[in-house]
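Raw contents of target_33.cif, mmCIF, C-alpha atoms:
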data_run
loop_
_atom_site.group_PDB
_atom_site.id
_atom_site.type_symbol
_atom_site.label_atom_id
_atom_site.label_comp_id
_atom_site.auth_asym_id
_atom_site.auth_seq_id
_atom_site.Cartn_x
_atom_site.Cartn_y
_atom_site.Cartn_z
ATOM 1 C CA MET G 1 3.408 15.186 0.350
ATOM 2 C CA THR G 2 2.549 18.297 -1.651
ATOM 3 C CA ASP G 3 -0.809 18.836 -3.318
ATOM 4 C CA ALA G 4 0.880 18.899 -6.723
ATOM 5 C CA LEU G 5 2.596 15.572 -6.071
ATOM 6 C CA ILE G 6 -0.645 13.948 -4.927
ATOM 7 C CA THR G 7 -2.629 15.177 -7.919
ATOM 8 C CA GLY G 8 0.160 14.128 -10.265
ATOM 9 C CA LYS G 9 0.210 10.627 -8.828
ATOM 10 C CA ALA G 10 -3.578 10.408 -9.070
ATOM 11 C CA ARG G 11 -3.421 11.349 -12.751
ATOM 12 C CA THR G 12 -0.699 8.761 -13.274
ATOM 13 C CA LEU G 13 -2.695 6.007 -11.578
ATOM 14 C CA ARG G 14 -5.782 6.895 -13.595
ATOM 15 C CA ALA G 15 -3.771 6.890 -16.850
ATOM 16 C CA LEU G 16 -2.358 3.447 -16.020
ATOM 17 C CA HIS G 17 -5.877 2.067 -16.387
ATOM 18 C CA ASP G 18 -5.756 2.987 -20.065
ATOM 19 C CA ARG G 19 -3.130 0.301 -20.631
ATOM 20 C CA SER G 20 -4.135 -3.161 -21.797
ATOM 21 C CA VAL G 21 -3.639 -4.343 -18.201
ATOM 22 C CA LEU G 22 -2.414 -2.895 -14.910
ATOM 23 C CA VAL G 23 -0.671 -5.476 -12.717
ATOM 24 C CA LEU G 24 -0.554 -4.586 -9.035
ATOM 25 C CA PRO G 25 1.554 -6.735 -6.698
ATOM 26 C CA ASN G 26 0.247 -6.080 -3.184
ATOM 27 C CA ALA G 27 2.484 -4.738 -0.410
ATOM 28 C CA TRP G 28 1.941 -4.506 3.325
ATOM 29 C CA ASP G 29 4.806 -2.399 4.683
ATOM 30 C CA PRO G 30 7.401 0.093 3.387
ATOM 31 C CA ALA G 31 10.041 -2.531 2.598
ATOM 32 C CA SER G 32 7.662 -4.770 0.643
ATOM 33 C CA ALA G 33 6.359 -1.707 -1.226
ATOM 34 C CA ALA G 34 9.886 -0.612 -2.107
ATOM 35 C CA LEU G 35 10.694 -4.113 -3.388
ATOM 36 C CA VAL G 36 7.502 -4.210 -5.467
ATOM 37 C CA ALA G 37 8.422 -0.860 -7.018
ATOM 38 C CA ARG G 38 12.011 -1.986 -7.624
ATOM 39 C CA ALA G 39 10.663 -5.065 -9.408
ATOM 40 C CA GLY G 40 9.093 -2.725 -11.946
ATOM 41 C CA ALA G 41 5.520 -2.171 -10.755
ATOM 42 C CA ALA G 42 4.041 1.035 -12.137
ATOM 43 C CA ALA G 43 1.927 1.378 -8.985
ATOM 44 C CA VAL G 44 1.662 -0.318 -5.593
ATOM 45 C CA ALA G 45 -1.527 -1.710 -4.080
ATOM 46 C CA THR G 46 -1.743 -2.416 -0.372
ATOM 47 C CA THR G 47 -3.342 -5.512 1.135
ATOM 48 C CA SER G 48 -5.448 -5.038 4.245
ATOM 49 C CA GLY G 49 -4.720 -8.594 5.332
ATOM 50 C CA GLY G 50 -0.971 -8.160 5.072
ATOM 51 C CA VAL G 51 -1.084 -4.866 6.953
ATOM 52 C CA ALA G 52 -3.263 -6.374 9.678
ATOM 53 C CA TRP G 53 -1.025 -9.434 10.101
ATOM 54 C CA SER G 54 2.085 -7.250 10.334
ATOM 55 C CA LEU G 55 0.402 -5.538 13.299
ATOM 56 C CA GLY G 56 -0.694 -8.778 14.932
ATOM 57 C CA ARG G 57 -4.379 -8.512 14.005
ATOM 58 C CA PRO G 58 -6.637 -10.671 11.805
ATOM 59 C CA ASP G 59 -7.906 -9.353 8.491
ATOM 60 C CA GLY G 60 -11.481 -8.120 8.196
ATOM 61 C CA GLU G 61 -11.501 -4.495 9.372
ATOM 62 C CA MET G 62 -9.909 -5.365 12.717
ATOM 63 C CA LEU G 63 -7.737 -2.263 12.432
ATOM 64 C CA THR G 64 -9.077 1.203 13.064
ATOM 65 C CA ARG G 65 -9.067 3.798 10.329
ATOM 66 C CA ALA G 66 -6.204 5.574 12.087
ATOM 67 C CA GLU G 67 -4.128 2.392 12.306
ATOM 68 C CA MET G 68 -4.633 1.582 8.629
ATOM 69 C CA MET G 69 -3.908 5.134 7.538
ATOM 70 C CA ALA G 70 -0.671 5.167 9.527
ATOM 71 C CA ALA G 71 0.403 2.059 7.596
ATOM 72 C CA VAL G 72 -0.672 3.581 4.265
ATOM 73 C CA ARG G 73 1.290 6.732 5.058
ATOM 74 C CA ARG G 74 4.463 4.730 5.676
ATOM 75 C CA ILE G 75 3.996 2.747 2.466
ATOM 76 C CA ALA G 76 3.273 5.808 0.316
ATOM 77 C CA ALA G 77 6.342 7.565 1.701
ATOM 78 C CA ALA G 78 8.554 4.614 0.749
ATOM 79 C CA VAL G 79 7.913 4.707 -3.020
ATOM 80 C CA ASP G 80 7.724 7.229 -5.823
ATOM 81 C CA VAL G 81 5.021 5.372 -7.762
ATOM 82 C CA PRO G 82 1.291 5.848 -7.029
ATOM 83 C CA VAL G 83 -0.208 3.863 -4.163
ATOM 84 C CA THR G 84 -3.774 2.581 -4.014
ATOM 85 C CA ALA G 85 -4.985 1.546 -0.576
ATOM 86 C CA ASP G 86 -7.175 -1.353 0.475
ATOM 87 C CA VAL G 87 -9.555 0.357 2.902
ATOM 88 C CA GLU G 88 -11.754 -2.729 3.340
ATOM 89 C CA GLY G 89 -15.369 -1.650 3.920
ATOM 90 C CA GLY G 90 -14.434 1.991 4.467
ATOM 91 C CA TYR G 91 -14.210 1.889 8.295
ATOM 92 C CA GLY G 92 -17.856 2.673 8.748
ATOM 93 C CA LEU G 93 -21.072 1.930 6.914
ATOM 94 C CA THR G 94 -22.343 5.459 6.423
ATOM 95 C CA PRO G 95 -21.435 7.689 3.479
ATOM 96 C CA GLN G 96 -19.986 10.186 5.937
ATOM 97 C CA GLU G 97 -17.622 7.589 7.380
ATOM 98 C CA VAL G 98 -16.521 6.495 3.912
ATOM 99 C CA ALA G 99 -15.888 10.135 2.979
ATOM 100 C CA ALA G 100 -13.735 10.511 6.086
ATOM 101 C CA THR G 101 -11.740 7.445 5.069
ATOM 102 C CA VAL G 102 -11.136 8.822 1.573
ATOM 103 C CA ARG G 103 -9.960 12.138 2.971
ATOM 104 C CA ALA G 104 -7.637 10.320 5.366
ATOM 105 C CA THR G 105 -6.332 8.154 2.503
ATOM 106 C CA ILE G 106 -5.430 11.217 0.471
ATOM 107 C CA GLU G 107 -3.801 12.843 3.491
ATOM 108 C CA SER G 108 -1.756 9.653 3.883
ATOM 109 C CA GLY G 109 -0.380 9.969 0.354
ATOM 110 C CA ALA G 110 -2.396 7.312 -1.502
ATOM 111 C CA VAL G 111 -4.348 8.197 -4.624
ATOM 112 C CA GLY G 112 -6.814 5.327 -4.921
ATOM 113 C CA VAL G 113 -8.815 2.886 -2.827
ATOM 114 C CA ASN G 114 -10.498 -0.487 -2.905
ATOM 115 C CA ILE G 115 -13.810 -0.321 -1.071
ATOM 116 C CA GLU G 116 -15.994 -3.358 -0.417
ATOM 117 C CA ASP G 117 -19.758 -3.811 -0.606
ATOM 118 C CA SER G 118 -19.805 -6.565 2.037
ATOM 119 C CA GLY G 119 -19.693 -4.425 5.143
ATOM 120 C CA ALA G 120 -22.758 -6.007 6.737
ATOM 121 C CA ALA G 121 -21.913 -7.911 9.936
ATOM 122 C CA ASP G 122 -24.039 -10.899 8.902
ATOM 123 C CA GLY G 123 -21.926 -11.632 5.822
ATOM 124 C CA THR G 124 -24.463 -10.334 3.314
ATOM 125 C CA LEU G 125 -23.855 -7.562 0.812
ATOM 126 C CA LEU G 126 -24.962 -4.003 1.284
ATOM 127 C CA PRO G 127 -27.946 -3.043 -0.862
ATOM 128 C CA VAL G 128 -26.868 -1.539 -4.173
ATOM 129 C CA GLU G 129 -28.417 1.828 -3.322
ATOM 130 C CA GLU G 130 -26.485 2.052 -0.045
ATOM 131 C CA GLN G 131 -23.192 1.206 -1.730
ATOM 132 C CA MET G 132 -23.944 3.786 -4.424
ATOM 133 C CA GLN G 133 -24.375 6.436 -1.746
ATOM 134 C CA ARG G 134 -21.047 5.426 -0.226
ATOM 135 C CA ILE G 135 -19.320 5.640 -3.628
ATOM 136 C CA GLN G 136 -20.870 9.046 -4.283
ATOM 137 C CA ALA G 137 -19.604 10.245 -0.906
ATOM 138 C CA ALA G 138 -16.120 8.934 -1.718
ATOM 139 C CA ARG G 139 -16.145 10.685 -5.087
ATOM 140 C CA LYS G 140 -17.248 13.996 -3.549
ATOM 141 C CA ALA G 141 -14.691 13.721 -0.759
ATOM 142 C CA ALA G 142 -11.866 13.239 -3.250
ATOM 143 C CA ALA G 143 -13.026 16.173 -5.349
ATOM 144 C CA SER G 144 -13.371 18.441 -2.320
ATOM 145 C CA ALA G 145 -9.845 17.437 -1.273
ATOM 146 C CA GLY G 146 -8.588 18.668 -4.640
ATOM 147 C CA VAL G 147 -7.965 15.203 -6.104
ATOM 148 C CA PRO G 148 -10.828 14.564 -8.544
ATOM 149 C CA GLU G 149 -8.673 12.006 -10.395
ATOM 150 C CA PHE G 150 -8.607 9.790 -7.271
ATOM 151 C CA VAL G 151 -9.299 6.191 -8.388
ATOM 152 C CA ILE G 152 -12.153 4.270 -6.748
ATOM 153 C CA ASN G 153 -11.956 0.511 -7.297
ATOM 154 C CA VAL G 154 -15.238 -0.819 -5.938
ATOM 155 C CA ARG G 155 -15.154 -4.419 -4.799
ATOM 156 C CA THR G 156 -18.180 -6.673 -4.930
ATOM 157 C CA ASP G 157 -18.089 -9.925 -2.997
ATOM 158 C CA VAL G 158 -20.871 -11.747 -4.852
ATOM 159 C CA TYR G 159 -18.463 -14.505 -5.914
ATOM 160 C CA LEU G 160 -16.120 -14.394 -2.927
ATOM 161 C CA LEU G 161 -18.978 -14.911 -0.460
ATOM 162 C CA GLN G 162 -20.962 -17.087 -2.889
ATOM 163 C CA ILE G 163 -24.050 -14.922 -2.632
ATOM 164 C CA GLY G 164 -27.144 -16.450 -4.237
ATOM 165 C CA GLU G 165 -27.348 -19.354 -6.659
ATOM 166 C CA PRO G 166 -24.267 -19.830 -8.871
ATOM 167 C CA ALA G 167 -26.274 -19.339 -12.074
ATOM 168 C CA GLY G 168 -27.434 -15.904 -10.951
ATOM 169 C CA ARG G 169 -24.158 -14.444 -9.720
ATOM 170 C CA LEU G 170 -23.025 -12.910 -13.005
ATOM 171 C CA ASP G 171 -26.328 -11.069 -13.402
ATOM 172 C CA ALA G 172 -26.060 -9.903 -9.793
ATOM 173 C CA VAL G 173 -22.598 -8.479 -10.453
ATOM 174 C CA LEU G 174 -23.761 -6.753 -13.633
ATOM 175 C CA ALA G 175 -26.682 -5.168 -11.764
ATOM 176 C CA ARG G 176 -24.300 -3.909 -9.123
ATOM 177 C CA VAL G 177 -21.681 -2.558 -11.516
ATOM 178 C CA ALA G 178 -24.325 -0.563 -13.404
ATOM 179 C CA GLY G 179 -25.197 1.253 -10.195
ATOM 180 C CA TYR G 180 -21.603 1.596 -9.068
ATOM 181 C CA ALA G 181 -20.559 3.129 -12.374
ATOM 182 C CA GLU G 182 -23.436 5.599 -12.172
ATOM 183 C CA ALA G 183 -22.317 6.552 -8.656
ATOM 184 C CA GLY G 184 -18.792 7.400 -9.790
ATOM 185 C CA ALA G 185 -16.686 4.254 -9.378
ATOM 186 C CA ASP G 186 -13.735 3.837 -11.736
ATOM 187 C CA CYS G 187 -13.115 0.066 -11.638
ATOM 188 C CA LEU G 188 -14.906 -3.105 -10.620
ATOM 189 C CA PHE G 189 -13.095 -5.645 -8.437
ATOM 190 C CA VAL G 190 -14.573 -9.164 -8.323
ATOM 191 C CA PRO G 191 -12.454 -11.416 -6.070
ATOM 192 C CA GLY G 192 -13.394 -15.063 -6.168
ATOM 193 C CA LEU G 193 -14.107 -15.057 -9.903
ATOM 194 C CA LEU G 194 -11.384 -16.641 -12.053
ATOM 195 C CA ASN G 195 -13.425 -18.618 -14.576
ATOM 196 C CA LEU G 196 -12.154 -17.270 -17.872
ATOM 197 C CA ASP G 197 -15.414 -17.736 -19.771
ATOM 198 C CA THR G 198 -17.412 -15.889 -17.120
ATOM 199 C CA LEU G 199 -14.803 -13.163 -16.882
ATOM 200 C CA GLY G 200 -14.972 -12.722 -20.639
ATOM 201 C CA VAL G 201 -18.731 -12.173 -20.480
ATOM 202 C CA LEU G 202 -18.335 -9.795 -17.542
ATOM 203 C CA THR G 203 -15.603 -7.685 -19.105
ATOM 204 C CA ALA G 204 -17.584 -7.371 -22.319
ATOM 205 C CA ALA G 205 -20.713 -6.204 -20.503
ATOM 206 C CA SER G 206 -19.260 -4.157 -17.648
ATOM 207 C CA PRO G 207 -19.281 -0.357 -17.972
ATOM 208 C CA LEU G 208 -16.136 -0.339 -15.797
ATOM 209 C CA PRO G 209 -12.765 -2.008 -16.294
ATOM 210 C CA VAL G 210 -12.602 -5.266 -14.344
ATOM 211 C CA ASN G 211 -10.017 -6.126 -11.664
ATOM 212 C CA ALA G 212 -9.408 -9.828 -10.999
ATOM 213 C CA MET G 213 -7.579 -11.281 -8.008
ATOM 214 C CA ALA G 214 -5.116 -13.864 -9.285
ATOM 215 C CA GLY G 215 -3.039 -16.393 -7.421
ATOM 216 C CA PRO G 216 -1.414 -19.827 -7.425
ATOM 217 C CA GLY G 217 -3.289 -22.337 -9.552
ATOM 218 C CA GLY G 218 -5.310 -19.657 -11.310
ATOM 219 C CA PRO G 219 -5.104 -18.169 -14.796
ATOM 220 C CA THR G 220 -1.960 -16.323 -15.802
ATOM 221 C CA VAL G 221 -1.759 -12.600 -16.414
ATOM 222 C CA ALA G 222 -1.748 -13.299 -20.147
ATOM 223 C CA GLU G 223 -4.872 -15.468 -19.907
ATOM 224 C CA LEU G 224 -6.731 -12.889 -17.822
ATOM 225 C CA THR G 225 -5.717 -10.109 -20.190
ATOM 226 C CA ALA G 226 -6.924 -12.121 -23.172
ATOM 227 C CA VAL G 227 -10.495 -12.205 -21.801
ATOM 228 C CA GLY G 228 -10.528 -8.465 -21.173
ATOM 229 C CA VAL G 229 -9.421 -8.125 -17.536
ATOM 230 C CA ARG G 230 -7.804 -4.695 -17.182
ATOM 231 C CA ARG G 231 -6.399 -4.786 -13.663
ATOM 232 C CA ILE G 232 -4.848 -7.717 -11.790
ATOM 233 C CA SER G 233 -3.839 -7.942 -8.140
ATOM 234 C CA VAL G 234 -2.970 -10.827 -5.824
ATOM 235 C CA GLY G 235 -4.449 -9.767 -2.479
ATOM 236 C CA THR G 236 -2.664 -11.304 0.484
ATOM 237 C CA ALA G 237 -0.755 -13.887 -1.584
ATOM 238 C CA ILE G 238 2.684 -12.236 -1.527
ATOM 239 C CA ALA G 239 2.424 -11.581 2.205
ATOM 240 C CA GLN G 240 1.397 -15.212 2.742
ATOM 241 C CA ALA G 241 4.380 -16.365 0.693
ATOM 242 C CA ALA G 242 6.730 -14.190 2.739
ATOM 243 C CA TYR G 243 5.378 -15.562 6.005
ATOM 244 C CA GLY G 244 5.654 -19.057 4.530
ATOM 245 C CA VAL G 245 9.364 -18.456 3.911
ATOM 246 C CA ALA G 246 9.752 -17.310 7.519
ATOM 247 C CA GLU G 247 8.233 -20.537 8.825
ATOM 248 C CA ARG G 248 10.150 -22.804 6.434
ATOM 249 C CA ALA G 249 13.446 -21.078 7.217
ATOM 250 C CA ALA G 250 12.830 -21.378 10.938
ATOM 251 C CA ARG G 251 11.947 -25.083 10.673
ATOM 252 C CA GLU G 252 14.997 -25.795 8.534
ATOM 253 C CA LEU G 253 17.260 -23.989 10.985
ATOM 254 C CA LEU G 254 15.740 -25.679 14.038
ATOM 255 C CA GLU G 255 15.374 -29.183 12.618
ATOM 256 C CA ALA G 256 18.179 -29.576 10.072
ATOM 257 C CA GLY G 257 20.572 -26.842 11.114
ATOM 258 C CA THR G 258 20.887 -25.645 7.521
ATOM 259 C CA TYR G 259 19.951 -22.428 5.738
ATOM 260 C CA HIS G 260 18.956 -23.292 2.165
ATOM 261 C CA THR G 261 15.577 -21.552 2.466
ATOM 262 C CA LEU G 262 17.488 -18.283 2.796
ATOM 263 C CA ASP G 263 19.413 -18.677 -0.472
ATOM 264 C CA GLN G 264 17.237 -16.207 -2.380
ATOM 265 C CA ALA G 265 17.026 -13.559 0.326
ATOM 266 C CA VAL G 266 17.414 -9.908 -0.606
ATOM 267 C CA SER G 267 20.852 -8.789 0.528
ATOM 268 C CA TYR G 268 21.214 -6.745 3.699
ATOM 269 C CA PRO G 269 22.765 -3.710 1.914
ATOM 270 C CA GLU G 270 20.039 -3.694 -0.750
ATOM 271 C CA LEU G 271 17.171 -3.906 1.705
ATOM 272 C CA ASN G 272 18.747 -1.397 4.039
ATOM 273 C CA ALA G 273 19.224 1.065 1.178
ATOM 274 C CA LEU G 274 15.593 0.667 0.080
ATOM 275 C CA CYS G 275 14.478 1.654 3.558
ATOM 276 C CA THR G 276 16.542 4.825 3.631
ATOM 277 C CA PRO G 277 14.144 7.788 3.785
ATOM 278 C CA ALA G 278 14.157 9.590 0.456
ATOM 279 C CA PRO G 279 13.897 13.383 0.404
ATOM 280 C CA ARG G 280 10.387 14.626 -0.374
#
Once more with this new file: its structure as structure tokens, please.
Amino acid sequence: MTDALITGKARTLRALHDRSVLVLPNAWDPASAALVARAGAAAVATTSGGVAWSLGRPDGEMLTRAEMMAAVRRIAAAVDVPVTADVEGGYGLTPQEVAATVRATIESGAVGVNIEDSGAADGTLLPVEEQMQRIQAARKAAASAGVPEFVINVRTDVYLLQIGEPAGRLDAVLARVAGYAEAGADCLFVPGLLNLDTLGVLTAASPLPVNAMAGPGGPTVAELTAVGVRRISVGTAIAQAAYGVAERAARELLEAGTYHTLDQAVSYPELNALCTPAPR
């Protein structure tokens, strides 16, 4: 992918955050990415869990940087829209390792990342100052690679991991986002938080646009947008649904000898055409 194409996609992804809301269905391989783009997504986000499962590994940074970047490269090559990559904790705790991951992400054709602040092996969060150093390293790495518009979506797992007392979690997130914004992050991702009242307070106070992770049983896109959420993704949910179809179809075939689960399958010619390498 040419430098001009990468920088253009980075500018496009950054500009998409100026909309009222950016909805990012998550993909895990080239075919799922192509289908997400065909459905109308303005950008594609990867899911580390989906990528890991497709390679027979559990989620949680059980892939190496090289393995994840190979998957990101294949996904980015399959679509014309910008791709933002879930790089988990950055494949290393040090700022230098995070910088290497950002450089590899850009080389793979993606123009944004999610990076977590829960890289500690004991399930606690990294100190704010350490995560700030990692964000600063990511920002500098993108600039030195010639992609200063690269989008850094910093994920905090205060709610996902239920860190601290419930009453203090919002203040903990706000303390973190202040530092993360200062360090050069572009968005704040808070998985595990879907209470609309709390999200409304957070979006009003956050110096960064807020990304929520939606899913079955949670608020709709319209409800999240109404309380100020600016970016919405679904994590591993689409991959889980696809694997659920695989199991249900197999059970139906084996137990009933019928095929109704397959009624809504994408046609063979359509899927095959989506996977045809496009000239670059």
Among listed residues G:Gly40, G:Ala167, G:Gly90, G:Arg155, nearest Asn211 in chain G (using all atoms listed in the file): G:Arg155
Answer key for the PyMOL selection byres ((chain G and resi 22) around 7), residues as a PyMOL selection string: chain G and resi 16-17+19+21+23-24+230-232
Could you save the residues just selected, with C-alpha atoms, as a PDB file, in the frame of the given file?
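Wrote result_32.pdb, looks like this:
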ATOM      1  CA  LEU G  16      -2.358   3.447 -16.020  1.00  0.00           C
ATOM      2  CA  HIS G  17      -5.877   2.067 -16.387  1.00  0.00           C
ATOM      3  CA  ARG G  19      -3.130   0.301 -20.631  1.00  0.00           C
ATOM      4  CA  VAL G  21      -3.639  -4.343 -18.201  1.00  0.00           C
ATOM      5  CA  VAL G  23      -0.671  -5.476 -12.717  1.00  0.00           C
ATOM      6  CA  LEU G  24      -0.554  -4.586  -9.035  1.00  0.00           C
ATOM      7  CA  ARG G 230      -7.804  -4.695 -17.182  1.00  0.00           C
ATOM      8  CA  ARG G 231      -6.399  -4.786 -13.663  1.00  0.00           C
ATOM      9  CA  ILE G 232      -4.848  -7.717 -11.790  1.00  0.00           C
TER      10      ILE G 232
END
Shell of 12 Å around Glu107 in chain G, only C-alpha atoms, local chain residues under 3 positions omitted, as a list in words: Met1, Thr2, Asp3, Leu5, Ile6, Thr7, Ala66, Met69, Ala70, Val72, Arg73, Arg74, Ala76, Ala77, Ala100, Thr101, Val102, Arg103, Ala104, Ala110, Val111, Gly112, Ala141, Ala142, Ala145, Gly146 and Val147 of chain G
Pick from G:Ala242, G:Val229, G:Val151, G:Ala237, whichever lies nearest to Pro25 in chain G using only C-alpha atoms: G:Ala237
Sel. within 12 Å of pt (-3.1, -15.6, -12.8), counting only C-alpha atoms, output as a count of residues only: 30
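Separating CA of Asp29 in chain G from CA of Gln96 in chain G is a distance of 27.8 Å.
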Long-range neighbours of range 130-139 of chain G as a PyMOL selection string, 9 Å cut-off, only C-alpha atoms, 6 positions minimum in chain: chain G and resi 90+93-103+115-117+148+150-152+154+179-185
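For Val113 in chain G, the list of residues within 6 Å, based on all atoms listed in the file and with local chain neighbours fewer than 2 positions off taken out, reads Thr84, Ala85, Asp86, Ile152 and Asn153 of chain G.
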Selection: 12 Å around Trp53 in chain G, all atoms listed in the file, excl. self and same-chain fewer than 3 positions, as a ChimeraX atom specification: /G:28-29,47-50,56-63,68,71,236,239-240,242-243
Can you list what the PyMOL selection byres ((chain G and resi 34) around 10) grabs from this structure, as a CSV table (one decimal) with C-alpha atoms, in the frame of the given file?
chain,number,residue,atom,x,y,z
G,27,ALA,CA,2.5,-4.7,-0.4
G,29,ASP,CA,4.8,-2.4,4.7
G,30,PRO,CA,7.4,0.1,3.4
G,31,ALA,CA,10.0,-2.5,2.6
G,32,SER,CA,7.7,-4.8,0.6
G,33,ALA,CA,6.4,-1.7,-1.2
G,35,LEU,CA,10.7,-4.1,-3.4
G,36,VAL,CA,7.5,-4.2,-5.5
G,37,ALA,CA,8.4,-0.9,-7.0
G,38,ARG,CA,12.0,-2.0,-7.6
G,39,ALA,CA,10.7,-5.1,-9.4
G,41,ALA,CA,5.5,-2.2,-10.8
G,44,VAL,CA,1.7,-0.3,-5.6
G,75,ILE,CA,4.0,2.7,2.5
G,76,ALA,CA,3.3,5.8,0.3
G,77,ALA,CA,6.3,7.6,1.7
G,78,ALA,CA,8.6,4.6,0.7
G,79,VAL,CA,7.9,4.7,-3.0
G,80,ASP,CA,7.7,7.2,-5.8
G,81,VAL,CA,5.0,5.4,-7.8
G,271,LEU,CA,17.2,-3.9,1.7
G,274,LEU,CA,15.6,0.7,0.1
G,275,CYS,CA,14.5,1.7,3.6
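Reported to one decimal place, the separation of CA of Ala45 in chain G from CA of Asp18 in chain G is 17.2 Å.
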